[in-house]
$ cat upload30.cif   # mmCIF, C-alpha atoms and all ligand atoms
data_protein
#
loop_
_atom_site.label_atom_id
_atom_site.label_comp_id
_atom_site.auth_asym_id
_atom_site.auth_seq_id
_atom_site.Cartn_x
_atom_site.Cartn_y
_atom_site.Cartn_z
CA MET A 1 52.79 -2.63 25.70
CA ALA A 2 54.71 -3.20 28.92
CA SER A 3 57.56 -5.61 29.72
CA GLY A 4 58.42 -6.82 33.18
CA GLY A 5 61.99 -7.65 32.26
CA PRO A 6 63.59 -10.83 30.87
CA ASP A 7 62.01 -13.14 33.51
CA HIS A 8 58.45 -11.77 33.24
CA PRO A 9 55.83 -12.25 30.48
CA VAL A 10 54.95 -9.35 28.26
CA THR A 11 51.55 -7.77 29.01
CA VAL A 12 49.36 -5.85 26.57
CA SER A 13 47.30 -2.83 27.49
CA GLU A 14 44.07 -3.28 25.45
CA VAL A 15 42.98 0.25 26.26
CA VAL A 16 45.31 1.70 23.67
CA LEU A 17 44.84 -0.96 20.97
CA LEU A 18 43.44 0.22 17.65
CA PRO A 19 41.81 -2.04 15.03
CA GLY A 20 43.90 -2.75 11.97
CA PRO A 21 42.55 -2.52 8.40
CA GLU A 22 41.49 -6.22 8.43
CA ALA A 23 39.96 -6.15 11.91
CA LEU A 24 36.34 -7.17 12.43
CA VAL A 25 34.72 -4.14 14.02
CA ALA A 26 31.16 -3.24 15.01
CA PRO A 27 29.27 -0.86 12.71
CA ALA A 28 29.35 2.82 13.57
CA TRP A 29 26.90 3.79 16.29
CA LEU A 30 23.64 5.32 15.15
CA PRO A 31 21.08 7.15 17.28
CA TRP A 32 17.93 5.06 17.72
CA THR A 33 15.89 7.53 15.68
CA GLU A 34 17.99 6.63 12.63
CA ARG A 35 18.02 2.92 13.43
CA VAL A 36 14.26 2.28 13.62
CA ARG A 37 12.83 0.96 10.39
CA ALA A 38 9.32 0.27 9.13
CA GLY A 39 8.02 -2.87 10.81
CA ASP A 40 10.28 -2.55 13.88
CA LEU A 41 7.54 -1.26 16.16
CA GLY A 42 6.12 -4.07 18.27
CA VAL A 43 3.02 -4.33 20.45
CA GLY A 44 3.33 -1.92 23.39
CA ASP A 45 6.41 -0.15 21.96
CA LEU A 46 6.42 3.65 22.02
CA LEU A 47 7.98 5.76 19.27
CA PRO A 48 8.16 9.42 20.32
CA ILE A 49 8.51 12.06 17.61
CA GLU A 50 11.54 14.33 17.81
CA PRO A 51 10.64 18.01 18.36
CA ASP A 52 12.35 18.96 15.10
CA ASP A 53 11.03 16.00 13.07
CA PRO A 54 10.77 17.37 9.49
CA ARG A 55 7.67 15.28 8.84
CA MET A 56 5.65 17.35 11.31
CA VAL A 57 4.56 20.98 11.34
CA PRO A 58 2.32 22.76 13.85
CA GLY A 59 -1.36 22.25 13.13
CA TYR A 60 -1.92 25.93 12.35
CA LEU A 61 0.69 25.70 9.55
CA GLY A 62 -1.20 23.12 7.54
CA PRO A 63 -2.62 25.47 4.89
CA ASP A 64 -2.77 22.86 2.13
CA ASP A 65 -5.59 20.99 3.83
CA THR A 66 -7.92 23.95 4.09
CA ALA A 67 -11.15 21.97 4.36
CA ALA A 68 -9.91 20.07 7.39
CA GLU A 69 -8.38 23.20 8.92
CA GLN A 70 -11.64 25.09 8.69
CA LEU A 71 -13.68 22.28 10.11
CA SER A 72 -11.47 20.95 12.88
CA PRO A 73 -11.61 23.96 15.28
CA GLU A 74 -15.40 23.99 15.03
CA LEU A 75 -15.51 20.38 16.05
CA GLY A 76 -12.82 20.78 18.69
CA LEU A 77 -10.63 18.33 16.81
CA GLY A 78 -7.66 20.60 16.13
CA ARG A 79 -4.38 18.72 16.23
CA ALA A 80 -1.16 20.09 17.67
CA ARG A 81 0.87 18.85 14.70
CA VAL A 82 0.09 17.68 11.17
CA LEU A 83 2.14 16.21 8.35
CA SER A 84 4.39 18.67 6.61
CA ARG A 85 4.06 19.20 2.86
CA ASP A 86 7.32 17.32 2.19
CA ALA A 87 6.15 14.40 4.30
CA ARG A 88 2.88 14.20 2.37
CA LEU A 89 4.69 14.22 -0.95
CA GLU A 90 7.03 11.53 0.31
CA LEU A 91 4.19 9.31 1.51
CA ALA A 92 2.33 9.84 -1.79
CA ARG A 93 5.44 8.63 -3.60
CA ARG A 94 5.77 5.65 -1.27
CA TRP A 95 2.12 4.62 -1.61
CA ARG A 96 2.18 5.10 -5.36
CA ASP A 97 5.22 2.82 -5.72
CA GLY A 98 3.81 0.30 -3.25
CA GLU A 99 1.66 -2.79 -3.45
CA TRP A 100 -1.52 -0.84 -4.31
CA GLY A 101 -0.03 1.45 -6.92
CA PRO A 102 -0.62 1.65 -10.69
CA ASP A 103 2.62 -0.09 -11.67
CA THR A 104 1.67 -3.44 -10.17
CA GLU A 105 0.72 -6.58 -12.07
CA THR A 106 -2.77 -6.51 -10.56
CA ALA A 107 -3.37 -2.97 -11.77
CA ARG A 108 -2.08 -3.71 -15.25
CA ASN A 109 -4.55 -6.57 -15.62
CA ALA A 110 -7.53 -4.78 -14.09
CA PRO A 111 -10.60 -3.97 -16.18
CA GLY A 112 -10.53 -0.36 -14.94
CA PRO A 113 -8.92 1.99 -12.42
CA CYS A 114 -10.10 2.43 -8.84
CA ALA A 115 -11.11 6.02 -9.61
CA THR A 116 -14.04 4.66 -11.65
CA CYS A 117 -14.98 1.89 -9.21
CA GLY A 118 -17.98 2.13 -6.93
CA PHE A 119 -16.03 0.59 -4.06
CA TYR A 120 -13.44 3.42 -4.13
CA LEU A 121 -13.67 5.80 -1.15
CA PRO A 122 -11.48 8.89 -1.82
CA LEU A 123 -9.38 10.24 1.03
CA GLY A 124 -9.96 13.81 2.23
CA GLY A 125 -7.65 16.79 1.98
CA LEU A 126 -4.55 17.09 -0.16
CA LEU A 127 -4.43 13.40 -1.03
CA SER A 128 -8.03 13.11 -2.20
CA ALA A 129 -7.16 13.40 -5.89
CA MET A 130 -4.74 10.49 -5.80
CA PHE A 131 -5.74 8.05 -3.06
CA GLY A 132 -8.72 6.37 -1.53
CA ALA A 133 -9.63 3.29 0.46
CA CYS A 134 -10.94 0.15 -1.16
CA GLY A 135 -14.22 -0.98 0.37
CA ASN A 136 -14.73 -4.24 -1.45
CA GLU A 137 -14.36 -7.24 0.82
CA LEU A 138 -13.80 -9.47 -2.20
CA SER A 139 -10.85 -7.43 -3.40
CA PRO A 140 -7.27 -8.18 -2.25
CA ALA A 141 -7.03 -4.46 -1.44
CA ASP A 142 -10.05 -4.34 0.89
CA GLY A 143 -9.35 -1.82 3.66
CA GLN A 144 -6.12 -0.61 2.04
CA VAL A 145 -5.23 2.81 0.73
CA VAL A 146 -5.13 2.40 -3.04
CA HIS A 147 -3.94 4.75 -5.76
CA ALA A 148 -6.67 6.12 -8.04
CA GLU A 149 -4.90 4.41 -10.97
CA PHE A 150 -4.74 1.05 -9.22
CA GLY A 151 -7.40 -1.50 -10.06
CA CYS A 152 -8.34 -5.11 -9.58
CA GLY A 153 -10.62 -7.76 -11.03
CA ALA A 154 -13.34 -6.97 -8.47
CA HIS A 155 -13.96 -3.54 -10.06
CA SER A 156 -17.65 -2.67 -9.68
CA GLU A 157 -18.13 -2.18 -13.42
CA VAL A 158 -16.47 -5.37 -14.52
CA GLU A 159 -18.39 -7.17 -17.23
CA VAL A 160 -17.96 -10.82 -17.96
CA ASP A 161 -19.10 -12.31 -21.24
CA THR A 162 -21.42 -15.13 -20.17
CA SER A 163 -22.46 -16.14 -23.65
CA PRO A 164 -21.62 -19.78 -24.43
CA THR A 165 -18.26 -20.26 -26.06
CA VAL A 166 -19.42 -23.34 -28.00
CA PRO A 167 -22.06 -22.39 -30.61
CA VAL A 168 -25.30 -24.27 -30.21
CA ALA A 169 -26.42 -26.00 -33.38
CA GLU A 170 -29.70 -24.89 -34.84
CA LEU A 171 -32.66 -27.22 -34.32
CA VAL A 172 -32.70 -29.70 -37.15
CA TYR A 173 -35.85 -31.37 -38.43
CA ASP A 174 -35.46 -34.64 -40.24
CA ASP A 175 -38.39 -34.45 -42.62
CA ALA A 176 -37.17 -37.38 -44.75
CA GLN A 177 -38.75 -39.85 -42.33
CA LEU A 178 -42.50 -39.31 -42.19
CA GLU A 179 -44.85 -41.38 -40.10
CA LEU A 180 -48.31 -41.37 -41.64
CA VAL A 181 -51.10 -41.61 -39.11
CA SER A 182 -54.70 -41.94 -40.23
CA PRO A 183 -57.25 -39.84 -38.33
CA GLY A 184 -59.01 -42.94 -37.01
CA SER A 185 -55.90 -44.58 -35.54
CA ALA A 186 -54.93 -41.41 -33.69
CA LYS A 187 -57.92 -41.75 -31.33
CA GLY A 188 -57.43 -43.22 -27.90
S1 LIG A 201 -12.55 -3.25 -5.84
FE1 LIG A 201 -10.62 -3.16 -6.98
S2 LIG A 201 -10.95 -1.54 -8.51
FE2 LIG A 201 -12.51 -1.28 -6.88
S3 LIG A 201 -11.64 0.15 -5.39
FE3 LIG A 201 -11.14 -1.90 -4.70
S4 LIG A 201 -9.10 -2.31 -5.58
FE4 LIG A 201 -9.97 -0.58 -6.70
#

$ encode --input "upload30.cif" --output "structure tokens"
Amino acid sequence: MASGGPDHPVTVSEVVLLPGPEALVAPAWLPWTERVRAGDLGVGDLLPIEPDDPRMVPGYLGPDDTAAEQLSPELGLGRARVLSRDARLELARRWRDGEWGPDTETARNAPGPCATCGFYLPLGGLLSAMFGACGNELSPADGQVVHAEFGCGAHSEVEVDTSPTVPVAELVYDDAQLELVSPGSAKG
């Protein structure tokens, strides 16, 4: 704070001001890599991976997906980086707890799990035992990655009881009323 003397107004140097305990201040700055959340990426946006991103390991260090590792060099499809083991476990947890997991209302009311459904297409590699894609266009999960213990009402083996709910009465003959017809009158 500076004073120009008794005849001059007091001036305040904002450069040295500090917020008090009640002051409204902006949240602490975060690097963009920690700020981006699921759903933030828009059309045309680019999201580069940090060199030390723990979700990625070099492709030659992906020993838990041996089938893919053996096949990819032959096909010329080797990838520079693949998901790390921790990242796969994390995504398995996320998918399991998500909309297509076994703890959902849809799964609890399903006639059977996806693992026994003909529309279930298991994923390859490490996740094959737990996840697959649903290939039933009539299912709400069509095209989604579903947990093997998920299930829906469009399960391929669903059986619906189509027998009538109201019992049909047996055919009743009223033999108390007899109409006697002589052989001659029956002609013509
Ligand atoms: S139709 Fe239903 S039970 Fe079958 S795979 Fe799809 S979600 Fe699972």

$ closest_residue --input "upload30.cif" --among "A:Cys152, A:Val158, A:Leu121, A:Leu180" --to "ligand LIG 201 (chain A)" --atoms "all atoms listed in the file"
A:Cys152

$ atom_distance --input "upload30.cif" --atom1 "CA of Val145 in chain A" --atom2 "CA of Asp52 in chain A"
27.9 Å

$ residues_near_ligand --input "upload30.cif" --ligand "ligand LIG 201 (chain A)" --cutoff "10 Å" --atoms "only C-alpha atoms and all ligand atoms" --output "VMD selection string"
chain A and resid 100 to 101 106 to 107 110 to 122 132 to 158

$ closest_atom_pairs --input "upload30.cif" --of "range 106-135 of chain A" --to "range 89-99 of chain A" --cutoff "9 Å" --atoms "only C-alpha atoms" --output "tab-separated table"
residue	atom	partner	partner_atom	distance
A:Leu127	CA	A:Ala92	CA	7.7
A:Met130	CA	A:Ala92	CA	8.2
A:Phe131	CA	A:Ala92	CA	8.4

$ atom_distance --input "upload30.cif" --atom1 "CA of Arg88 in chain A" --atom2 "CA of Asp53 in chain A"
13.6 Å

$ atom_distance --input "upload30.cif" --atom1 "CA of Gly59 in chain A" --atom2 "CA of Val82 in chain A"
5.2 Å

$ residues_near_point --input "upload30.cif" --point "(-2.3, 18.1, 13.7)" --cutoff "8 Å" --atoms "only C-alpha atoms" --output "number ranges by chain"
A: 57-60, 78-83

$ axis_aligned_box --input "upload30.cif" --around "range 16-32 of chain A" --padding-each-side "8 Å" --output "JSON"
{"center_x": 31.6, "center_y": 0.0, "center_z": 16.0, "size_x": 43.4, "size_y": 30.3, "size_z": 31.3}

$ closest_residue --input "upload30.cif" --among "A:Arg55, A:His8, A:Ser163, A:Glu50" --to "Pro31 in chain A" --atoms "all atoms listed in the file"
A:Glu50

$ decode --input "upload30.cif" --residues "range 72-108 of chain A" --atoms "N, CA and C atoms" --output "mmCIF file, in the first residue's frame"
data_model
loop_
_atom_site.group_PDB
_atom_site.id
_atom_site.type_symbol
_atom_site.label_atom_id
_atom_site.label_comp_id
_atom_site.auth_asym_id
_atom_site.auth_seq_id
_atom_site.Cartn_x
_atom_site.Cartn_y
_atom_site.Cartn_z
ATOM 1 N N SER A 72 0.308 -61.589 -34.321
ATOM 2 C CA SER A 72 0.414 -60.259 -34.909
ATOM 3 C C SER A 72 1.669 -60.034 -35.751
ATOM 4 N N PRO A 73 2.885 -60.526 -35.349
ATOM 5 C CA PRO A 73 4.035 -60.285 -36.223
ATOM 6 C C PRO A 73 3.888 -60.987 -37.570
ATOM 7 N N GLU A 74 3.261 -62.177 -37.536
ATOM 8 C CA GLU A 74 3.085 -62.904 -38.799
ATOM 9 C C GLU A 74 2.214 -62.114 -39.759
ATOM 10 N N LEU A 75 1.242 -61.445 -39.208
ATOM 11 C CA LEU A 75 0.323 -60.688 -40.057
ATOM 12 C C LEU A 75 0.812 -59.264 -40.291
ATOM 13 N N GLY A 76 1.915 -58.899 -39.675
ATOM 14 C CA GLY A 76 2.412 -57.529 -39.824
ATOM 15 C C GLY A 76 1.563 -56.535 -39.072
ATOM 16 N N LEU A 77 0.882 -57.007 -38.030
ATOM 17 C CA LEU A 77 -0.028 -56.122 -37.296
ATOM 18 C C LEU A 77 0.518 -55.764 -35.911
ATOM 19 N N GLY A 78 1.798 -55.969 -35.682
ATOM 20 C CA GLY A 78 2.360 -55.663 -34.371
ATOM 21 C C GLY A 78 2.128 -54.204 -34.000
ATOM 22 N N ARG A 79 1.763 -53.981 -32.752
ATOM 23 C CA ARG A 79 1.512 -52.607 -32.309
ATOM 24 C C ARG A 79 2.650 -52.123 -31.427
ATOM 25 N N ALA A 80 2.956 -50.842 -31.530
ATOM 26 C CA ALA A 80 4.063 -50.288 -30.753
ATOM 27 C C ALA A 80 3.788 -50.403 -29.264
ATOM 28 N N ARG A 81 2.533 -50.140 -28.863
ATOM 29 C CA ARG A 81 2.188 -50.205 -27.444
ATOM 30 C C ARG A 81 0.863 -50.931 -27.255
ATOM 31 N N VAL A 82 0.747 -51.595 -26.126
ATOM 32 C CA VAL A 82 -0.503 -52.299 -25.792
ATOM 33 C C VAL A 82 -0.872 -51.936 -24.354
ATOM 34 N N LEU A 83 -2.070 -52.293 -23.954
ATOM 35 C CA LEU A 83 -2.516 -52.002 -22.596
ATOM 36 C C LEU A 83 -1.671 -52.758 -21.583
ATOM 37 N N SER A 84 -1.322 -52.080 -20.519
ATOM 38 C CA SER A 84 -0.578 -52.739 -19.457
ATOM 39 C C SER A 84 -1.526 -53.664 -18.678
ATOM 40 N N ARG A 85 -0.950 -54.540 -17.891
ATOM 41 C CA ARG A 85 -1.777 -55.468 -17.106
ATOM 42 C C ARG A 85 -2.698 -54.700 -16.148
ATOM 43 N N ASP A 86 -2.137 -53.677 -15.476
ATOM 44 C CA ASP A 86 -2.955 -52.897 -14.536
ATOM 45 C C ASP A 86 -4.117 -52.217 -15.258
ATOM 46 N N ALA A 87 -3.836 -51.716 -16.457
ATOM 47 C CA ALA A 87 -4.895 -51.027 -17.199
ATOM 48 C C ALA A 87 -5.996 -52.001 -17.599
ATOM 49 N N ARG A 88 -5.619 -53.223 -17.942
ATOM 50 C CA ARG A 88 -6.638 -54.213 -18.302
ATOM 51 C C ARG A 88 -7.490 -54.585 -17.093
ATOM 52 N N LEU A 89 -6.840 -54.739 -15.950
ATOM 53 C CA LEU A 89 -7.607 -55.068 -14.750
ATOM 54 C C LEU A 89 -8.552 -53.933 -14.394
ATOM 55 N N GLU A 90 -8.074 -52.705 -14.564
ATOM 56 C CA GLU A 90 -8.898 -51.545 -14.257
ATOM 57 C C GLU A 90 -10.102 -51.464 -15.203
ATOM 58 N N LEU A 91 -9.855 -51.701 -16.493
ATOM 59 C CA LEU A 91 -10.984 -51.625 -17.428
ATOM 60 C C LEU A 91 -11.953 -52.778 -17.198
ATOM 61 N N ALA A 92 -11.446 -53.951 -16.787
ATOM 62 C CA ALA A 92 -12.342 -55.075 -16.488
ATOM 63 C C ALA A 92 -13.248 -54.721 -15.317
ATOM 64 N N ARG A 93 -12.668 -54.023 -14.327
ATOM 65 C CA ARG A 93 -13.458 -53.599 -13.165
ATOM 66 C C ARG A 93 -14.514 -52.576 -13.597
ATOM 67 N N ARG A 94 -14.096 -51.650 -14.451
ATOM 68 C CA ARG A 94 -15.005 -50.594 -14.900
ATOM 69 C C ARG A 94 -16.155 -51.180 -15.717
ATOM 70 N N TRP A 95 -15.836 -52.074 -16.630
ATOM 71 C CA TRP A 95 -16.893 -52.676 -17.458
ATOM 72 C C TRP A 95 -17.806 -53.550 -16.611
ATOM 73 N N ARG A 96 -17.218 -54.272 -15.650
ATOM 74 C CA ARG A 96 -18.041 -55.140 -14.823
ATOM 75 C C ARG A 96 -19.049 -54.335 -14.007
ATOM 76 N N ASP A 97 -18.614 -53.171 -13.501
ATOM 77 C CA ASP A 97 -19.492 -52.340 -12.678
ATOM 78 C C ASP A 97 -20.372 -51.420 -13.516
ATOM 79 N N GLY A 98 -20.263 -51.503 -14.838
ATOM 80 C CA GLY A 98 -20.984 -50.583 -15.701
ATOM 81 C C GLY A 98 -22.366 -51.071 -16.087
ATOM 82 N N GLU A 99 -22.889 -50.443 -17.124
ATOM 83 C CA GLU A 99 -24.269 -50.663 -17.551
ATOM 84 C C GLU A 99 -24.530 -52.100 -18.015
ATOM 85 N N TRP A 100 -23.466 -52.792 -18.469
ATOM 86 C CA TRP A 100 -23.654 -54.142 -19.017
ATOM 87 C C TRP A 100 -23.008 -55.185 -18.110
ATOM 88 N N GLY A 101 -23.012 -54.922 -16.839
ATOM 89 C CA GLY A 101 -22.415 -55.827 -15.869
ATOM 90 C C GLY A 101 -23.466 -56.677 -15.172
ATOM 91 N N PRO A 102 -23.048 -57.647 -14.367
ATOM 92 C CA PRO A 102 -23.973 -58.585 -13.732
ATOM 93 C C PRO A 102 -24.806 -58.004 -12.596
ATOM 94 N N ASP A 103 -24.431 -56.832 -12.089
ATOM 95 C CA ASP A 103 -25.165 -56.274 -10.950
ATOM 96 C C ASP A 103 -26.281 -55.331 -11.361
ATOM 97 N N THR A 104 -26.638 -55.336 -12.620
ATOM 98 C CA THR A 104 -27.681 -54.428 -13.095
ATOM 99 C C THR A 104 -29.058 -55.084 -12.987
ATOM 100 N N GLU A 105 -30.080 -54.256 -13.019
ATOM 101 C CA GLU A 105 -31.460 -54.743 -12.931
ATOM 102 C C GLU A 105 -31.778 -55.666 -14.103
ATOM 103 N N THR A 106 -31.292 -55.294 -15.288
ATOM 104 C CA THR A 106 -31.560 -56.119 -16.479
ATOM 105 C C THR A 106 -30.980 -57.511 -16.299
ATOM 106 N N ALA A 107 -29.753 -57.571 -15.802
ATOM 107 C CA ALA A 107 -29.105 -58.878 -15.624
ATOM 108 C C ALA A 107 -29.830 -59.712 -14.579
ATOM 109 N N ARG A 108 -30.276 -59.064 -13.518
ATOM 110 C CA ARG A 108 -30.933 -59.813 -12.437
ATOM 111 C C ARG A 108 -32.253 -60.425 -12.902
#
